[in-house]
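Containing TSV, N, CA and C atoms: run.tsv.
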chain	number	residue	atom	x	y	z
A	299	MET	N	96.87	51.74	87.72
A	299	MET	CA	95.59	52.18	88.24
A	299	MET	C	95.45	53.70	88.18
A	300	THR	N	96.54	54.42	88.47
A	300	THR	CA	96.51	55.88	88.44
A	300	THR	C	96.19	56.38	87.04
A	301	ASP	N	96.76	55.76	85.99
A	301	ASP	CA	96.48	56.18	84.63
A	301	ASP	C	95.00	55.99	84.29
A	302	LEU	N	94.41	54.88	84.73
A	302	LEU	CA	93.00	54.63	84.49
A	302	LEU	C	92.15	55.69	85.19
A	303	LEU	N	92.48	56.00	86.44
A	303	LEU	CA	91.75	57.01	87.19
A	303	LEU	C	91.89	58.37	86.51
A	304	ASN	N	93.09	58.71	86.08
A	304	ASN	CA	93.28	59.97	85.38
A	304	ASN	C	92.46	60.04	84.10
A	305	ASP	N	92.39	58.93	83.36
A	305	ASP	CA	91.59	58.89	82.14
A	305	ASP	C	90.10	59.08	82.44
A	306	LEU	N	89.62	58.46	83.51
A	306	LEU	CA	88.22	58.58	83.89
A	306	LEU	C	87.86	59.99	84.33
A	307	MET	N	88.82	60.69	84.89
A	307	MET	CA	88.57	62.01	85.46
A	307	MET	C	88.92	63.16	84.51
A	308	LYS	N	89.22	62.86	83.27
A	308	LYS	CA	89.59	63.90	82.30
A	308	LYS	C	88.40	64.79	81.96
A	309	PHE	N	88.74	66.00	81.55
A	309	PHE	CA	87.76	66.96	81.05
A	309	PHE	C	88.16	67.32	79.62
A	310	ASP	N	87.19	67.83	78.86
A	310	ASP	CA	87.60	68.32	77.55
A	310	ASP	C	88.50	69.54	77.78
A	311	GLU	N	89.22	69.91	76.76
A	311	GLU	CA	90.28	70.92	76.90
A	311	GLU	C	89.75	72.26	77.42
A	312	GLU	N	88.61	72.71	76.88
A	312	GLU	CA	88.08	74.02	77.29
A	312	GLU	C	87.69	74.05	78.76
A	313	ILE	N	86.96	73.04	79.21
A	313	ILE	CA	86.53	73.03	80.61
A	313	ILE	C	87.74	72.81	81.52
A	314	GLY	N	88.71	72.03	81.07
A	314	GLY	CA	89.93	71.83	81.84
A	314	GLY	C	90.68	73.15	82.04
A	315	GLU	N	90.78	73.94	80.97
A	315	GLU	CA	91.44	75.25	81.07
A	315	GLU	C	90.64	76.18	81.97
A	316	PHE	N	89.31	76.12	81.87
A	316	PHE	CA	88.45	76.94	82.73
A	316	PHE	C	88.70	76.60	84.20
A	317	LEU	N	88.74	75.30	84.51
A	317	LEU	CA	88.99	74.88	85.89
A	317	LEU	C	90.35	75.37	86.37
A	318	GLU	N	91.35	75.23	85.52
A	318	GLU	CA	92.70	75.63	85.88
A	318	GLU	C	92.79	77.14	86.15
A	319	GLN	N	92.12	77.92	85.32
A	319	GLN	CA	92.21	79.37	85.44
A	319	GLN	C	91.29	79.93	86.52
A	320	TYR	N	90.06	79.43	86.61
A	320	TYR	CA	89.06	80.06	87.47
A	320	TYR	C	88.71	79.26	88.72
A	321	VAL	N	88.67	77.95	88.62
A	321	VAL	CA	88.24	77.13	89.75
A	321	VAL	C	89.49	76.50	90.39
A	322	ASN	N	90.39	77.36	90.82
A	322	ASN	CA	91.63	76.87	91.40
A	322	ASN	C	91.66	77.04	92.92
A	323	SER	N	90.47	77.21	93.50
A	323	SER	CA	90.31	77.17	94.96
A	323	SER	C	88.85	76.82	95.24
A	324	PHE	N	88.62	76.28	96.41
A	324	PHE	CA	87.25	75.92	96.77
A	324	PHE	C	86.41	77.18	97.01
A	325	ILE	N	87.05	78.27	97.43
A	325	ILE	CA	86.32	79.53	97.58
A	325	ILE	C	85.79	79.98	96.21
A	326	LYS	N	86.65	79.92	95.19
A	326	LYS	CA	86.23	80.35	93.85
A	326	LYS	C	85.11	79.46	93.32
A	327	TRP	N	85.18	78.17	93.63
A	327	TRP	CA	84.12	77.26	93.21
A	327	TRP	C	82.79	77.77	93.77
A	328	GLU	N	82.75	78.07	95.05
A	328	GLU	CA	81.53	78.56	95.69
A	328	GLU	C	81.09	79.90	95.09
A	329	ILE	N	82.04	80.79	94.88
A	329	ILE	CA	81.72	82.11	94.34
A	329	ILE	C	81.10	81.99	92.95
A	330	ILE	N	81.72	81.19	92.10
A	330	ILE	CA	81.22	81.03	90.73
A	330	ILE	C	79.81	80.46	90.73
A	331	ARG	N	79.59	79.43	91.51
A	331	ARG	CA	78.24	78.83	91.56
A	331	ARG	C	77.22	79.82	92.13
A	332	PHE	N	77.62	80.57	93.16
A	332	PHE	CA	76.70	81.53	93.77
A	332	PHE	C	76.32	82.64	92.79
A	333	PHE	N	77.32	83.23	92.13
A	333	PHE	CA	77.02	84.32	91.22
A	333	PHE	C	76.25	83.84	89.99
A	334	HIS	N	76.50	82.63	89.56
A	334	HIS	CA	75.73	82.08	88.44
A	334	HIS	C	74.26	81.94	88.83
A	335	ALA	N	74.01	81.60	90.08
A	335	ALA	CA	72.64	81.45	90.57
A	335	ALA	C	71.98	82.80	90.88
A	336	ASN	N	72.78	83.85	90.98
A	336	ASN	CA	72.28	85.19	91.32
A	336	ASN	C	72.79	86.23	90.33
A	337	PRO	N	72.43	86.08	89.05
A	337	PRO	CA	72.97	87.00	88.04
A	337	PRO	C	72.40	88.41	88.22
A	338	GLN	N	73.18	89.38	87.79
A	338	GLN	CA	72.78	90.78	87.76
A	338	GLN	C	72.38	91.31	89.14
A	339	THR	N	72.94	90.73	90.19
A	339	THR	CA	72.71	91.20	91.55
A	339	THR	C	74.05	91.67	92.10
A	340	ASP	N	74.06	92.85	92.69
A	340	ASP	CA	75.29	93.42	93.23
A	340	ASP	C	75.46	93.03	94.69
A	341	PHE	N	76.71	92.70	95.06
A	341	PHE	CA	77.04	92.35	96.44
A	341	PHE	C	78.32	93.07	96.83
A	342	THR	N	78.38	93.55	98.06
A	342	THR	CA	79.62	94.12	98.59
A	342	THR	C	80.43	92.98	99.19
A	343	LEU	N	81.71	93.25	99.44
A	343	LEU	CA	82.55	92.23	100.08
A	343	LEU	C	82.02	91.86	101.46
A	344	ASN	N	81.54	92.85	102.21
A	344	ASN	CA	81.00	92.54	103.54
A	344	ASN	C	79.78	91.63	103.46
A	345	GLU	N	78.92	91.86	102.49
A	345	GLU	CA	77.76	90.98	102.30
A	345	GLU	C	78.22	89.57	101.94
A	346	LEU	N	79.23	89.49	101.07
A	346	LEU	CA	79.72	88.18	100.64
A	346	LEU	C	80.40	87.42	101.77
A	347	THR	N	81.08	88.12	102.67
A	347	THR	CA	81.70	87.41	103.81
A	347	THR	C	80.63	86.75	104.67
A	348	LYS	N	79.48	87.39	104.80
A	348	LYS	CA	78.38	86.81	105.59
A	348	LYS	C	77.74	85.64	104.85
A	349	ILE	N	77.59	85.78	103.54
A	349	ILE	CA	76.98	84.71	102.73
A	349	ILE	C	77.85	83.46	102.75
A	350	PHE	N	79.15	83.63	102.57
A	350	PHE	CA	80.06	82.50	102.44
A	350	PHE	C	80.72	82.07	103.75
A	351	SER	N	80.64	82.90	104.78
A	351	SER	CA	81.32	82.62	106.06
A	351	SER	C	82.83	82.52	105.90
A	352	TYR	N	83.38	83.32	105.00
A	352	TYR	CA	84.82	83.43	104.84
A	352	TYR	C	85.25	84.79	105.36
A	353	THR	N	86.48	84.87	105.81
A	353	THR	CA	86.99	86.16	106.25
A	353	THR	C	87.24	87.04	105.05
A	354	LEU	N	87.27	88.33	105.28
A	354	LEU	CA	87.57	89.28	104.23
A	354	LEU	C	88.96	89.01	103.65
A	355	LYS	N	89.87	88.61	104.52
A	355	LYS	CA	91.25	88.30	104.10
A	355	LYS	C	91.28	87.16	103.07
A	356	ASN	N	90.41	86.16	103.23
A	356	ASN	CA	90.36	85.05	102.28
A	356	ASN	C	89.51	85.36	101.05
A	357	LEU	N	88.45	86.10	101.24
A	357	LEU	CA	87.51	86.34	100.14
A	357	LEU	C	88.03	87.39	99.15
A	358	LYS	N	88.60	88.46	99.67
A	358	LYS	CA	88.98	89.60	98.82
A	358	LYS	C	89.92	89.23	97.68
A	359	PRO	N	91.02	88.50	97.92
A	359	PRO	CA	91.91	88.18	96.79
A	359	PRO	C	91.25	87.27	95.75
A	360	ASN	N	90.37	86.39	96.18
A	360	ASN	CA	89.67	85.52	95.24
A	360	ASN	C	88.70	86.31	94.38
A	361	MET	N	88.00	87.26	94.99
A	361	MET	CA	87.09	88.11	94.23
A	361	MET	C	87.88	88.96	93.24
A	362	GLN	N	89.02	89.46	93.69
A	362	GLN	CA	89.87	90.28	92.82
A	362	GLN	C	90.35	89.47	91.61
A	363	GLU	N	90.79	88.24	91.84
A	363	GLU	CA	91.26	87.40	90.73
A	363	GLU	C	90.14	87.09	89.74
A	364	LEU	N	88.95	86.79	90.25
A	364	LEU	CA	87.82	86.51	89.36
A	364	LEU	C	87.41	87.76	88.59
A	365	SER	N	87.52	88.90	89.22
A	365	SER	CA	87.22	90.16	88.56
A	365	SER	C	88.25	90.47	87.47
A	366	GLU	N	89.52	90.29	87.79
A	366	GLU	CA	90.58	90.53	86.81
A	366	GLU	C	90.48	89.55	85.64
A	367	GLY	N	89.97	88.35	85.90
A	367	GLY	CA	89.81	87.35	84.85
A	367	GLY	C	88.56	87.55	84.01
A	368	GLY	N	87.74	88.56	84.36
A	368	GLY	CA	86.57	88.88	83.57
A	368	GLY	C	85.32	88.11	83.93
A	369	LEU	N	85.38	87.27	84.94
A	369	LEU	CA	84.23	86.44	85.29
A	369	LEU	C	83.22	87.21	86.16
A	370	ILE	N	83.72	88.01	87.07
A	370	ILE	CA	82.89	88.81	87.97
A	370	ILE	C	83.15	90.28	87.64
A	371	LYS	N	82.09	91.06	87.57
A	371	LYS	CA	82.23	92.50	87.32
A	371	LYS	C	82.37	93.23	88.65
A	372	GLN	N	83.33	94.13	88.70
A	372	GLN	CA	83.57	94.94	89.88
A	372	GLN	C	83.23	96.39	89.54
A	373	GLN	N	82.35	97.00	90.35
A	373	GLN	CA	81.98	98.39	90.12
A	373	GLN	C	82.20	99.19	91.40
A	374	LYS	N	82.64	100.40	91.21
A	374	LYS	CA	82.78	101.32	92.34
A	374	LYS	C	81.65	102.33	92.25
A	375	GLN	N	80.86	102.40	93.32
A	375	GLN	CA	79.74	103.34	93.37
A	375	GLN	C	79.93	104.18	94.63
A	376	GLY	N	80.36	105.41	94.41
A	376	GLY	CA	80.69	106.25	95.56
A	376	GLY	C	81.90	105.65	96.26
A	377	GLY	N	81.79	105.38	97.53
A	377	GLY	CA	82.87	104.77	98.28
A	377	GLY	C	82.72	103.27	98.43
A	378	THR	N	81.75	102.69	97.75
A	378	THR	CA	81.46	101.26	97.89
A	378	THR	C	81.82	100.50	96.62
A	379	THR	N	82.45	99.36	96.80
A	379	THR	CA	82.75	98.48	95.68
A	379	THR	C	81.78	97.32	95.71
A	380	THR	N	81.15	97.05	94.57
A	380	THR	CA	80.23	95.92	94.47
A	380	THR	C	80.70	94.96	93.39
A	381	PHE	N	80.24	93.73	93.50
A	381	PHE	CA	80.58	92.68	92.54
A	381	PHE	C	79.29	92.08	92.02
A	382	SER	N	79.29	91.72	90.73
A	382	SER	CA	78.12	91.08	90.14
A	382	SER	C	78.56	90.17	88.99
A	383	TYR	N	77.64	89.33	88.58
A	383	TYR	CA	77.85	88.43	87.44
A	383	TYR	C	76.88	88.86	86.37
A	384	ASP	N	77.40	89.42	85.29
A	384	ASP	CA	76.55	89.94	84.22
A	384	ASP	C	77.33	89.88	82.91
A	385	LEU	N	77.55	88.68	82.41
A	385	LEU	CA	78.29	88.51	81.17
A	385	LEU	C	77.35	88.68	79.98
A	386	SER	N	77.85	89.34	78.95
A	386	SER	CA	77.06	89.69	77.79
A	386	SER	C	77.20	88.65	76.67
A	387	ASP	N	76.10	88.37	76.01
A	387	ASP	CA	76.15	87.50	74.84
A	387	ASP	C	76.69	88.25	73.62
A	388	ALA	N	76.70	89.59	73.69
A	388	ALA	CA	77.18	90.40	72.58
A	388	ALA	C	78.70	90.37	72.45
A	389	ASP	N	79.39	90.20	73.56
A	389	ASP	CA	80.86	90.15	73.56
A	389	ASP	C	81.28	88.69	73.40
A	390	PRO	N	82.03	88.35	72.33
A	390	PRO	CA	82.39	86.94	72.09
A	390	PRO	C	83.16	86.28	73.24
A	391	LYS	N	84.07	87.02	73.86
A	391	LYS	CA	84.83	86.47	74.99
A	391	LYS	C	83.91	86.18	76.18
A	392	GLU	N	83.04	87.14	76.49
A	392	GLU	CA	82.11	86.96	77.60
A	392	GLU	C	81.11	85.85	77.31
A	393	LYS	N	80.68	85.75	76.06
A	393	LYS	CA	79.74	84.69	75.67
A	393	LYS	C	80.37	83.31	75.87
A	394	LYS	N	81.63	83.17	75.48
A	394	LYS	CA	82.34	81.90	75.66
A	394	LYS	C	82.50	81.58	77.15
A	395	LEU	N	82.88	82.58	77.92
A	395	LEU	CA	83.05	82.40	79.36
A	395	LEU	C	81.72	82.02	80.02
A	396	LYS	N	80.66	82.66	79.60
A	396	LYS	CA	79.31	82.36	80.12
A	396	LYS	C	78.93	80.90	79.84
A	397	LYS	N	79.26	80.43	78.65
A	397	LYS	CA	78.98	79.04	78.28
A	397	LYS	C	79.80	78.08	79.14
A	398	LEU	N	81.07	78.40	79.40
A	398	LEU	CA	81.90	77.55	80.25
A	398	LEU	C	81.37	77.52	81.68
A	399	ILE	N	80.89	78.65	82.17
A	399	ILE	CA	80.31	78.70	83.52
A	399	ILE	C	79.05	77.83	83.56
A	400	GLU	N	78.23	77.91	82.54
A	400	GLU	CA	77.03	77.07	82.47
A	400	GLU	C	77.40	75.59	82.43
A	401	ASP	N	78.41	75.25	81.63
A	401	ASP	CA	78.87	73.86	81.55
A	401	ASP	C	79.40	73.39	82.90
A	402	PHE	N	80.16	74.25	83.59
A	402	PHE	CA	80.69	73.92	84.91
A	402	PHE	C	79.56	73.69	85.90
A	403	ASN	N	78.54	74.52	85.86
A	403	ASN	CA	77.42	74.35	86.78
A	403	ASN	C	76.62	73.10	86.49
A	404	ILE	N	76.48	72.75	85.23
A	404	ILE	CA	75.82	71.49	84.86
A	404	ILE	C	76.64	70.32	85.37
A	405	LEU	N	77.95	70.40	85.20
A	405	LEU	CA	78.85	69.36	85.69
A	405	LEU	C	78.70	69.17	87.20
A	406	CYS	N	78.56	70.27	87.92
A	406	CYS	CA	78.46	70.21	89.38
A	406	CYS	C	77.11	69.74	89.90
A	407	GLN	N	76.15	69.56	89.02
A	407	GLN	CA	74.83	69.08	89.44
A	407	GLN	C	74.83	67.59	89.75
A	408	THR	N	75.84	66.88	89.27
A	408	THR	CA	75.90	65.44	89.54
A	408	THR	C	77.03	65.14	90.51
A	409	ARG	N	76.85	64.08	91.26
A	409	ARG	CA	77.88	63.64	92.20
A	409	ARG	C	79.18	63.31	91.45
A	410	GLN	N	79.05	62.61	90.34
A	410	GLN	CA	80.23	62.24	89.55
A	410	GLN	C	80.96	63.47	89.04
A	411	GLY	N	80.21	64.47	88.61
A	411	GLY	CA	80.84	65.69	88.13
A	411	GLY	C	81.59	66.41	89.24
A	412	ARG	N	80.97	66.51	90.41
A	412	ARG	CA	81.64	67.16	91.55
A	412	ARG	C	82.89	66.39	91.94
A	413	LEU	N	82.81	65.06	91.94
A	413	LEU	CA	83.99	64.25	92.27
A	413	LEU	C	85.12	64.46	91.27
A	414	ARG	N	84.76	64.60	90.00
A	414	ARG	CA	85.78	64.85	88.98
A	414	ARG	C	86.49	66.18	89.22
A	415	VAL	N	85.71	67.20	89.58
A	415	VAL	CA	86.30	68.51	89.86
A	415	VAL	C	87.18	68.45	91.10
A	416	ILE	N	86.69	67.80	92.14
A	416	ILE	CA	87.48	67.66	93.38
A	416	ILE	C	88.76	66.89	93.10
A	417	TYR	N	88.65	65.80	92.35
A	417	TYR	CA	89.85	65.02	92.01
A	417	TYR	C	90.87	65.90	91.30
A	418	ARG	N	90.40	66.67	90.34
A	418	ARG	CA	91.29	67.55	89.57
A	418	ARG	C	91.97	68.56	90.50
A	419	MET	N	91.21	69.14	91.40
A	419	MET	CA	91.76	70.14	92.30
A	419	MET	C	92.79	69.51	93.25
A	420	LEU	N	92.47	68.35	93.80
A	420	LEU	CA	93.40	67.69	94.71
A	420	LEU	C	94.65	67.24	93.97
A	421	LYS	N	94.47	66.76	92.76
A	421	LYS	CA	95.60	66.32	91.94
A	421	LYS	C	96.52	67.50	91.65
A	422	ASP	N	95.93	68.69	91.49
A	422	ASP	CA	96.70	69.89	91.22
A	422	ASP	C	97.24	70.54	92.50
A	423	GLY	N	96.98	69.91	93.64
A	423	GLY	CA	97.55	70.39	94.89
A	423	GLY	C	96.75	71.49	95.59
A	424	ILE	N	95.46	71.62	95.25
A	424	ILE	CA	94.62	72.62	95.89
A	424	ILE	C	94.25	72.12	97.29
A	425	PRO	N	94.51	72.88	98.35
A	425	PRO	CA	94.18	72.42	99.70
A	425	PRO	C	92.67	72.33	99.90
A	426	LEU	N	92.25	71.44	100.79
A	426	LEU	CA	90.83	71.25	101.05
A	426	LEU	C	90.20	72.44	101.75
A	427	THR	N	90.96	73.15	102.57
A	427	THR	CA	90.43	74.31	103.27
A	427	THR	C	91.29	75.52	102.98
A	428	ASP	N	90.68	76.66	103.07
A	428	ASP	CA	91.41	77.92	102.90
A	428	ASP	C	91.64	78.49	104.28
A	429	GLN	N	92.90	78.63	104.66
A	429	GLN	CA	93.25	79.08	105.99
A	429	GLN	C	93.27	80.60	106.06
A	430	ASP	N	92.99	81.12	107.25
A	430	ASP	CA	93.08	82.58	107.48
A	430	ASP	C	94.51	83.02	107.41

Please express the file's structure as structure tokens.
Amino acid sequence: MTDLLNDLMKFDEEIGEFLEQYVNSFIKWEIIRFFHANPQTDFTLNELTKIFSYTLKNLKPNMQELSEGGLIKQQKQGGTTTFSYDLSDADPKEKKLKKLIEDFNILCQTRQGRLRVIYRMLKDGIPLTDQD
């Protein structure tokens, strides 16, 4: 039965790698969906803690990882650090990443798609909640 369930919950290789690299926590799932819905808008960490209701301690390392992975842009303006989603179609790597984010968001529009992502995360040992 487990093999059948695993077969039903499979993703193509590219989206599977995307999930493994970028959607490896429920916080990141929320961040990716939020920034995709709010492109080219800058947010500070304090603003994001209010939007997501996560502590700075939980949010900051996830934002840093997404920034280092090239998914979220991090800019320093004066003494303030802001984050935004603004991937370019001119850069081949960013264009591919943008397409994967779009595919992920389309996947998450259906109940079955969300269940597949949740199954994958739980199978990979991702905890349901992020603790302080």

TODO: Could you tell me which of A:Leu398, A:Ser382, A:Ile404, A:Pro390 comes closest to Asp340 in chain A if we count all atoms listed in the file?
DONE: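 Using all atoms listed in the file, the shortest distance to Asp340 in chain A belongs to A:Ser382.
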
Task: Contacts of range 344-357 of chain A within 12 Å, only C-alpha atoms, excl. fewer than 5 positions in-chain, as a list in words - done: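 Answer for this query is Ser323, Phe324, Ile325, Lys326, Trp327, Glu328, Ile329, Ile330, Arg331, Phe332, Phe333, Thr339, Gln362, Glu363, Leu364, Thr378, Thr379, Thr380, Phe381, Ser382, Thr427, Asp428, Gln429 and Asp430 of chain A.
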
Create the file for the chosen residues now, containing N, CA and C atoms and written as a short mmCIF file (atom, residue, chain, number, x, y, z; two decimals), in the coordinates of the input.
data_model
loop_
_atom_site.label_atom_id
_atom_site.label_comp_id
_atom_site.auth_asym_id
_atom_site.auth_seq_id
_atom_site.Cartn_x
_atom_site.Cartn_y
_atom_site.Cartn_z
N SER A 323 90.47 77.21 93.50
CA SER A 323 90.31 77.17 94.96
C SER A 323 88.85 76.82 95.24
N PHE A 324 88.62 76.28 96.41
CA PHE A 324 87.25 75.92 96.77
C PHE A 324 86.41 77.18 97.01
N ILE A 325 87.05 78.27 97.43
CA ILE A 325 86.32 79.53 97.58
C ILE A 325 85.79 79.98 96.21
N LYS A 326 86.65 79.92 95.19
CA LYS A 326 86.23 80.35 93.85
C LYS A 326 85.11 79.46 93.32
N TRP A 327 85.18 78.17 93.63
CA TRP A 327 84.12 77.26 93.21
C TRP A 327 82.79 77.77 93.77
N GLU A 328 82.75 78.07 95.05
CA GLU A 328 81.53 78.56 95.69
C GLU A 328 81.09 79.90 95.09
N ILE A 329 82.04 80.79 94.88
CA ILE A 329 81.72 82.11 94.34
C ILE A 329 81.10 81.99 92.95
N ILE A 330 81.72 81.19 92.10
CA ILE A 330 81.22 81.03 90.73
C ILE A 330 79.81 80.46 90.73
N ARG A 331 79.59 79.43 91.51
CA ARG A 331 78.24 78.83 91.56
C ARG A 331 77.22 79.82 92.13
N PHE A 332 77.62 80.57 93.16
CA PHE A 332 76.70 81.53 93.77
C PHE A 332 76.32 82.64 92.79
N PHE A 333 77.32 83.23 92.13
CA PHE A 333 77.02 84.32 91.22
C PHE A 333 76.25 83.84 89.99
N THR A 339 72.94 90.73 90.19
CA THR A 339 72.71 91.20 91.55
C THR A 339 74.05 91.67 92.10
N GLN A 362 89.02 89.46 93.69
CA GLN A 362 89.87 90.28 92.82
C GLN A 362 90.35 89.47 91.61
N GLU A 363 90.79 88.24 91.84
CA GLU A 363 91.26 87.40 90.73
C GLU A 363 90.14 87.09 89.74
N LEU A 364 88.95 86.79 90.25
CA LEU A 364 87.82 86.51 89.36
C LEU A 364 87.41 87.76 88.59
N THR A 378 81.75 102.69 97.75
CA THR A 378 81.46 101.26 97.89
C THR A 378 81.82 100.50 96.62
N THR A 379 82.45 99.36 96.80
CA THR A 379 82.75 98.48 95.68
C THR A 379 81.78 97.32 95.71
N THR A 380 81.15 97.05 94.57
CA THR A 380 80.23 95.92 94.47
C THR A 380 80.70 94.96 93.39
N PHE A 381 80.24 93.73 93.50
CA PHE A 381 80.58 92.68 92.54
C PHE A 381 79.29 92.08 92.02
N SER A 382 79.29 91.72 90.73
CA SER A 382 78.12 91.08 90.14
C SER A 382 78.56 90.17 88.99
N THR A 427 90.96 73.15 102.57
CA THR A 427 90.43 74.31 103.27
C THR A 427 91.29 75.52 102.98
N ASP A 428 90.68 76.66 103.07
CA ASP A 428 91.41 77.92 102.90
C ASP A 428 91.64 78.49 104.28
N GLN A 429 92.90 78.63 104.66
CA GLN A 429 93.25 79.08 105.99
C GLN A 429 93.27 80.60 106.06
N ASP A 430 92.99 81.12 107.25
CA ASP A 430 93.08 82.58 107.48
C ASP A 430 94.51 83.02 107.41
#

Task: Residue among A:Gly411, A:Ile416, A:Thr342, A:Gly368 lying closest to Lys394 in chain A, counting only C-alpha atoms - done: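 Selected residue with least distance to Lys394 in chain A: A:Gly368.
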
Open item on the list: To test your reading of the structure, identify every residue in chain A that backbone DSSP assigns to strand (DSSP E), and report it as an MDAnalysis selection string.
Closed with: chainID A and resid 341:342 371:375 378:382

Open item on the list: For a test of reading the model, state the distance in Å between atom N of Ala335 in chain A and atom N of Phe309 in chain A, rounded to one decimal.
Closed with: 23.1 Å
